[in-house]
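Text of input-v1.txt, listed as compact mmCIF, N, CA and C atoms:
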# COMPACT_ATOMS: atom_id res chain seq x y z
N MET A 1 40.76 -39.67 -20.57
CA MET A 1 39.54 -40.32 -21.00
C MET A 1 39.53 -40.61 -22.51
N PRO A 2 39.93 -39.68 -23.37
CA PRO A 2 39.95 -39.98 -24.81
C PRO A 2 40.90 -41.13 -25.16
N ASP A 3 41.97 -41.30 -24.37
CA ASP A 3 42.90 -42.39 -24.65
C ASP A 3 42.26 -43.75 -24.39
N ILE A 4 41.46 -43.83 -23.34
CA ILE A 4 40.78 -45.09 -23.02
C ILE A 4 39.77 -45.44 -24.10
N ILE A 5 39.05 -44.46 -24.58
CA ILE A 5 38.08 -44.70 -25.65
C ILE A 5 38.79 -45.15 -26.92
N LEU A 6 39.91 -44.57 -27.24
CA LEU A 6 40.69 -44.94 -28.42
C LEU A 6 41.19 -46.38 -28.29
N ILE A 7 41.69 -46.74 -27.13
CA ILE A 7 42.17 -48.10 -26.91
C ILE A 7 41.03 -49.10 -27.03
N LEU A 8 39.89 -48.79 -26.44
CA LEU A 8 38.73 -49.67 -26.55
C LEU A 8 38.25 -49.82 -27.98
N LYS A 9 38.33 -48.74 -28.75
CA LYS A 9 37.93 -48.78 -30.15
C LYS A 9 38.83 -49.72 -30.94
N TYR A 10 40.13 -49.66 -30.69
CA TYR A 10 41.06 -50.54 -31.39
C TYR A 10 40.90 -51.99 -30.97
N ILE A 11 40.64 -52.23 -29.70
CA ILE A 11 40.41 -53.60 -29.23
C ILE A 11 39.16 -54.17 -29.89
N LEU A 12 38.11 -53.39 -29.97
CA LEU A 12 36.88 -53.82 -30.63
C LEU A 12 37.11 -54.09 -32.12
N ALA A 13 37.88 -53.24 -32.78
CA ALA A 13 38.16 -53.42 -34.20
C ALA A 13 38.96 -54.69 -34.44
N ILE A 14 39.93 -54.98 -33.58
CA ILE A 14 40.74 -56.19 -33.73
C ILE A 14 39.88 -57.43 -33.49
N ALA A 15 39.02 -57.39 -32.48
CA ALA A 15 38.14 -58.53 -32.19
C ALA A 15 37.16 -58.77 -33.34
N LEU A 16 36.60 -57.73 -33.89
CA LEU A 16 35.67 -57.85 -35.00
C LEU A 16 36.35 -58.40 -36.25
N THR A 17 37.54 -57.92 -36.53
CA THR A 17 38.30 -58.41 -37.68
C THR A 17 38.62 -59.89 -37.51
N GLY A 18 39.03 -60.27 -36.31
CA GLY A 18 39.32 -61.68 -36.05
C GLY A 18 38.09 -62.55 -36.22
N ALA A 19 36.95 -62.08 -35.76
CA ALA A 19 35.71 -62.84 -35.90
C ALA A 19 35.32 -63.00 -37.37
N ILE A 20 35.52 -61.98 -38.16
CA ILE A 20 35.20 -62.06 -39.59
C ILE A 20 36.13 -63.04 -40.29
N ILE A 21 37.40 -63.01 -39.94
CA ILE A 21 38.38 -63.90 -40.57
C ILE A 21 38.09 -65.36 -40.21
N LEU A 22 37.71 -65.61 -38.98
CA LEU A 22 37.50 -66.98 -38.52
C LEU A 22 36.08 -67.50 -38.75
N ALA A 23 35.21 -66.68 -39.31
CA ALA A 23 33.81 -67.07 -39.51
C ALA A 23 33.64 -68.33 -40.36
N PRO A 24 34.32 -68.49 -41.49
CA PRO A 24 34.10 -69.70 -42.29
C PRO A 24 34.46 -70.98 -41.53
N ALA A 25 35.55 -70.97 -40.78
CA ALA A 25 35.95 -72.17 -40.03
C ALA A 25 34.92 -72.48 -38.95
N TRP A 26 34.39 -71.46 -38.30
CA TRP A 26 33.38 -71.67 -37.26
C TRP A 26 32.09 -72.22 -37.85
N ILE A 27 31.69 -71.68 -38.99
CA ILE A 27 30.47 -72.15 -39.65
C ILE A 27 30.63 -73.60 -40.11
N ALA A 28 31.82 -73.94 -40.63
CA ALA A 28 32.07 -75.32 -41.05
C ALA A 28 31.96 -76.27 -39.87
N ARG A 29 32.45 -75.86 -38.73
CA ARG A 29 32.35 -76.72 -37.55
C ARG A 29 30.91 -76.85 -37.07
N GLN A 30 30.14 -75.78 -37.13
CA GLN A 30 28.76 -75.81 -36.65
C GLN A 30 27.85 -76.62 -37.57
N THR A 31 28.16 -76.66 -38.86
CA THR A 31 27.32 -77.41 -39.80
C THR A 31 27.71 -78.87 -39.88
N GLY A 32 28.73 -79.28 -39.14
CA GLY A 32 29.12 -80.69 -39.10
C GLY A 32 29.84 -81.18 -40.34
N ARG A 33 30.63 -80.32 -40.94
CA ARG A 33 31.40 -80.73 -42.11
C ARG A 33 32.42 -81.79 -41.72
N SER A 34 32.86 -82.59 -42.67
CA SER A 34 33.87 -83.61 -42.39
C SER A 34 35.21 -82.93 -42.11
N LYS A 35 36.11 -83.70 -41.54
CA LYS A 35 37.41 -83.14 -41.19
C LYS A 35 38.16 -82.66 -42.44
N ASN A 36 38.02 -83.38 -43.53
CA ASN A 36 38.67 -82.99 -44.78
C ASN A 36 38.13 -81.65 -45.28
N ASP A 37 36.82 -81.48 -45.25
CA ASP A 37 36.21 -80.23 -45.68
C ASP A 37 36.62 -79.07 -44.76
N MET A 38 36.70 -79.34 -43.47
CA MET A 38 37.09 -78.29 -42.53
C MET A 38 38.52 -77.84 -42.80
N ILE A 39 39.39 -78.77 -43.14
CA ILE A 39 40.78 -78.40 -43.46
C ILE A 39 40.81 -77.54 -44.71
N LEU A 40 40.04 -77.90 -45.73
CA LEU A 40 40.00 -77.11 -46.96
C LEU A 40 39.43 -75.71 -46.72
N VAL A 41 38.42 -75.63 -45.87
CA VAL A 41 37.84 -74.32 -45.55
C VAL A 41 38.87 -73.45 -44.84
N ARG A 42 39.56 -74.00 -43.86
CA ARG A 42 40.56 -73.22 -43.13
C ARG A 42 41.72 -72.81 -44.03
N LEU A 43 42.19 -73.72 -44.87
CA LEU A 43 43.28 -73.36 -45.79
C LEU A 43 42.85 -72.26 -46.75
N GLY A 44 41.66 -72.40 -47.31
CA GLY A 44 41.17 -71.38 -48.22
C GLY A 44 41.00 -70.04 -47.54
N SER A 45 40.52 -70.06 -46.33
CA SER A 45 40.31 -68.82 -45.59
C SER A 45 41.64 -68.16 -45.22
N TRP A 46 42.57 -68.94 -44.72
CA TRP A 46 43.84 -68.37 -44.27
C TRP A 46 44.77 -67.98 -45.42
N LEU A 47 44.84 -68.82 -46.46
CA LEU A 47 45.78 -68.55 -47.54
C LEU A 47 45.29 -67.49 -48.51
N PHE A 48 43.99 -67.47 -48.77
CA PHE A 48 43.48 -66.57 -49.80
C PHE A 48 42.61 -65.46 -49.24
N LEU A 49 42.73 -65.20 -47.95
CA LEU A 49 41.94 -64.14 -47.33
C LEU A 49 42.23 -62.78 -47.98
N TRP A 50 43.46 -62.56 -48.32
CA TRP A 50 43.85 -61.26 -48.84
C TRP A 50 43.18 -60.95 -50.17
N THR A 51 42.65 -61.96 -50.87
CA THR A 51 41.99 -61.69 -52.14
C THR A 51 40.52 -61.35 -51.96
N GLY A 52 39.95 -61.75 -50.85
CA GLY A 52 38.52 -61.54 -50.65
C GLY A 52 37.72 -62.64 -51.32
N ILE A 53 38.10 -63.00 -52.54
CA ILE A 53 37.42 -64.09 -53.25
C ILE A 53 37.68 -65.40 -52.53
N GLY A 54 38.88 -65.59 -52.03
CA GLY A 54 39.20 -66.81 -51.28
C GLY A 54 38.39 -66.92 -50.01
N TRP A 55 38.17 -65.79 -49.35
CA TRP A 55 37.37 -65.79 -48.13
C TRP A 55 35.92 -66.12 -48.47
N LEU A 56 35.40 -65.53 -49.53
CA LEU A 56 34.03 -65.83 -49.94
C LEU A 56 33.87 -67.29 -50.36
N TRP A 57 34.89 -67.81 -51.06
CA TRP A 57 34.87 -69.21 -51.46
C TRP A 57 34.82 -70.12 -50.24
N SER A 58 35.65 -69.85 -49.23
CA SER A 58 35.66 -70.69 -48.04
C SER A 58 34.38 -70.52 -47.24
N LEU A 59 33.79 -69.32 -47.25
CA LEU A 59 32.51 -69.10 -46.58
C LEU A 59 31.40 -69.90 -47.26
N PHE A 60 31.39 -69.89 -48.59
CA PHE A 60 30.41 -70.67 -49.35
C PHE A 60 30.59 -72.15 -49.09
N TRP A 61 31.84 -72.62 -49.11
CA TRP A 61 32.12 -74.04 -48.91
C TRP A 61 31.70 -74.49 -47.52
N SER A 62 31.90 -73.63 -46.53
CA SER A 62 31.57 -74.01 -45.16
C SER A 62 30.05 -74.06 -44.93
N ALA A 63 29.29 -73.26 -45.67
CA ALA A 63 27.85 -73.16 -45.43
C ALA A 63 27.04 -74.13 -46.30
N LYS A 64 27.60 -74.62 -47.39
CA LYS A 64 26.80 -75.49 -48.27
C LYS A 64 26.56 -76.83 -47.60
N LYS A 65 25.46 -77.45 -47.98
CA LYS A 65 25.10 -78.74 -47.36
C LYS A 65 25.16 -79.84 -48.35

Using structure tokens, write down the structure that the file contains.
Amino acid sequence: MPDIILILKYILAIALTGAIILAPAWIARQTGRSKNDMILVRLGSWLFLWTGIGWLWSLFWSAKK
């Protein structure tokens, strides 16, 4: 039983991390950004995610109107 709970915990953590990483691209799509802006948001999110500042920049860019 503890092994199943541990596996479920890791699956949940991976899913949550993936959702956080992909959030800027999803927000850009939902707000109707142009294709060019969506490409910039995805590149900023994927390339500069490790800095944290790049992720915040792409999140800001995807949400601005």

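Shortest atom-to-atom contact with Trp26 (chain A) among A:Ala13, A:Ala63, A:Leu49, A:Met1: A:Ala63, counting only C-alpha atoms.
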
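Using only N, CA and C atoms, the smallest distance between any of A:Ser45, A:Asn36, A:Ala19, A:Gln30 and Leu59 (chain A) comes from A:Ser45.
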
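Counting all atoms listed in the file, Lys64 (chain A) has the following residues at most 8 Å away, ignoring those fewer than 4 positions along the same chain: Ile27, Ala28, Thr31, Ser58, Leu59 and Phe60 of chain A.
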
inquiry  = Using only N, CA and C atoms, which protein or nucleic acid residues come within 6.5 Å of Val41 (chain A)? Drop anything in the same chain fewer than 6 positions from it, and give the result as a PyMOL selection string.
reply    = chain A and resi 24-25+58+61-62

Prev. selection, N, CA and C atoms, output as an mmCIF file, in the coordinates of the input:
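Result file follows (selection-v1.cif):
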data_model
loop_
_atom_site.group_PDB
_atom_site.id
_atom_site.type_symbol
_atom_site.label_atom_id
_atom_site.label_comp_id
_atom_site.auth_asym_id
_atom_site.auth_seq_id
_atom_site.Cartn_x
_atom_site.Cartn_y
_atom_site.Cartn_z
ATOM 1 N N PRO A 24 34.320 -68.490 -41.490
ATOM 2 C CA PRO A 24 34.100 -69.700 -42.290
ATOM 3 C C PRO A 24 34.460 -70.980 -41.530
ATOM 4 N N ALA A 25 35.550 -70.970 -40.780
ATOM 5 C CA ALA A 25 35.950 -72.170 -40.030
ATOM 6 C C ALA A 25 34.920 -72.480 -38.950
ATOM 7 N N SER A 58 35.650 -69.850 -49.230
ATOM 8 C CA SER A 58 35.660 -70.690 -48.040
ATOM 9 C C SER A 58 34.380 -70.520 -47.240
ATOM 10 N N TRP A 61 31.840 -72.620 -49.110
ATOM 11 C CA TRP A 61 32.120 -74.040 -48.910
ATOM 12 C C TRP A 61 31.700 -74.490 -47.520
ATOM 13 N N SER A 62 31.900 -73.630 -46.530
ATOM 14 C CA SER A 62 31.570 -74.010 -45.160
ATOM 15 C C SER A 62 30.050 -74.060 -44.930
#

Test item: which residues lie within 6.5 Å of (39.7, -70.4, -52.0) counting only N, CA and C atoms, as an mmCIF file with N, CA and C atoms, in the frame of the given file:
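And here's part-v4.cif as it stands now:
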data_model
loop_
_atom_site.group_PDB
_atom_site.id
_atom_site.type_symbol
_atom_site.label_atom_id
_atom_site.label_comp_id
_atom_site.auth_asym_id
_atom_site.auth_seq_id
_atom_site.Cartn_x
_atom_site.Cartn_y
_atom_site.Cartn_z
ATOM 1 N N LEU A 43 42.190 -73.720 -44.870
ATOM 2 C CA LEU A 43 43.280 -73.360 -45.790
ATOM 3 C C LEU A 43 42.850 -72.260 -46.750
ATOM 4 N N GLY A 44 41.660 -72.400 -47.310
ATOM 5 C CA GLY A 44 41.170 -71.380 -48.220
ATOM 6 C C GLY A 44 41.000 -70.040 -47.540
ATOM 7 N N SER A 45 40.520 -70.060 -46.330
ATOM 8 C CA SER A 45 40.310 -68.820 -45.590
ATOM 9 C C SER A 45 41.640 -68.160 -45.220
ATOM 10 N N PHE A 48 43.990 -67.470 -48.770
ATOM 11 C CA PHE A 48 43.480 -66.570 -49.800
ATOM 12 C C PHE A 48 42.610 -65.460 -49.240
ATOM 13 N N ILE A 53 38.100 -63.000 -52.540
ATOM 14 C CA ILE A 53 37.420 -64.090 -53.250
ATOM 15 C C ILE A 53 37.680 -65.400 -52.530
ATOM 16 N N GLY A 54 38.880 -65.590 -52.030
ATOM 17 C CA GLY A 54 39.200 -66.810 -51.280
ATOM 18 C C GLY A 54 38.390 -66.920 -50.010
ATOM 19 N N TRP A 55 38.170 -65.790 -49.350
ATOM 20 C CA TRP A 55 37.370 -65.790 -48.130
ATOM 21 C C TRP A 55 35.920 -66.120 -48.470
ATOM 22 N N TRP A 57 34.890 -67.810 -51.060
ATOM 23 C CA TRP A 57 34.870 -69.210 -51.460
ATOM 24 C C TRP A 57 34.820 -70.120 -50.240
ATOM 25 N N SER A 58 35.650 -69.850 -49.230
ATOM 26 C CA SER A 58 35.660 -70.690 -48.040
ATOM 27 C C SER A 58 34.380 -70.520 -47.240
#

ask   = Could you state the separation of atom N of Trp46 (chain A) and CA of Arg29 (chain A) in Å, given to one decimal place?
value = 14.7 Å

task = In Å, rounded to a single decimal, give me how far CA of Ala15 (chain A) is from atom C of Leu47 (chain A).
result = 19.9 Å

query = To one decimal place, how far is CA of Leu40 (chain A) from atom N of Leu22 (chain A) in Å?
reply =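 Those two atoms sit 14.2 Å apart.
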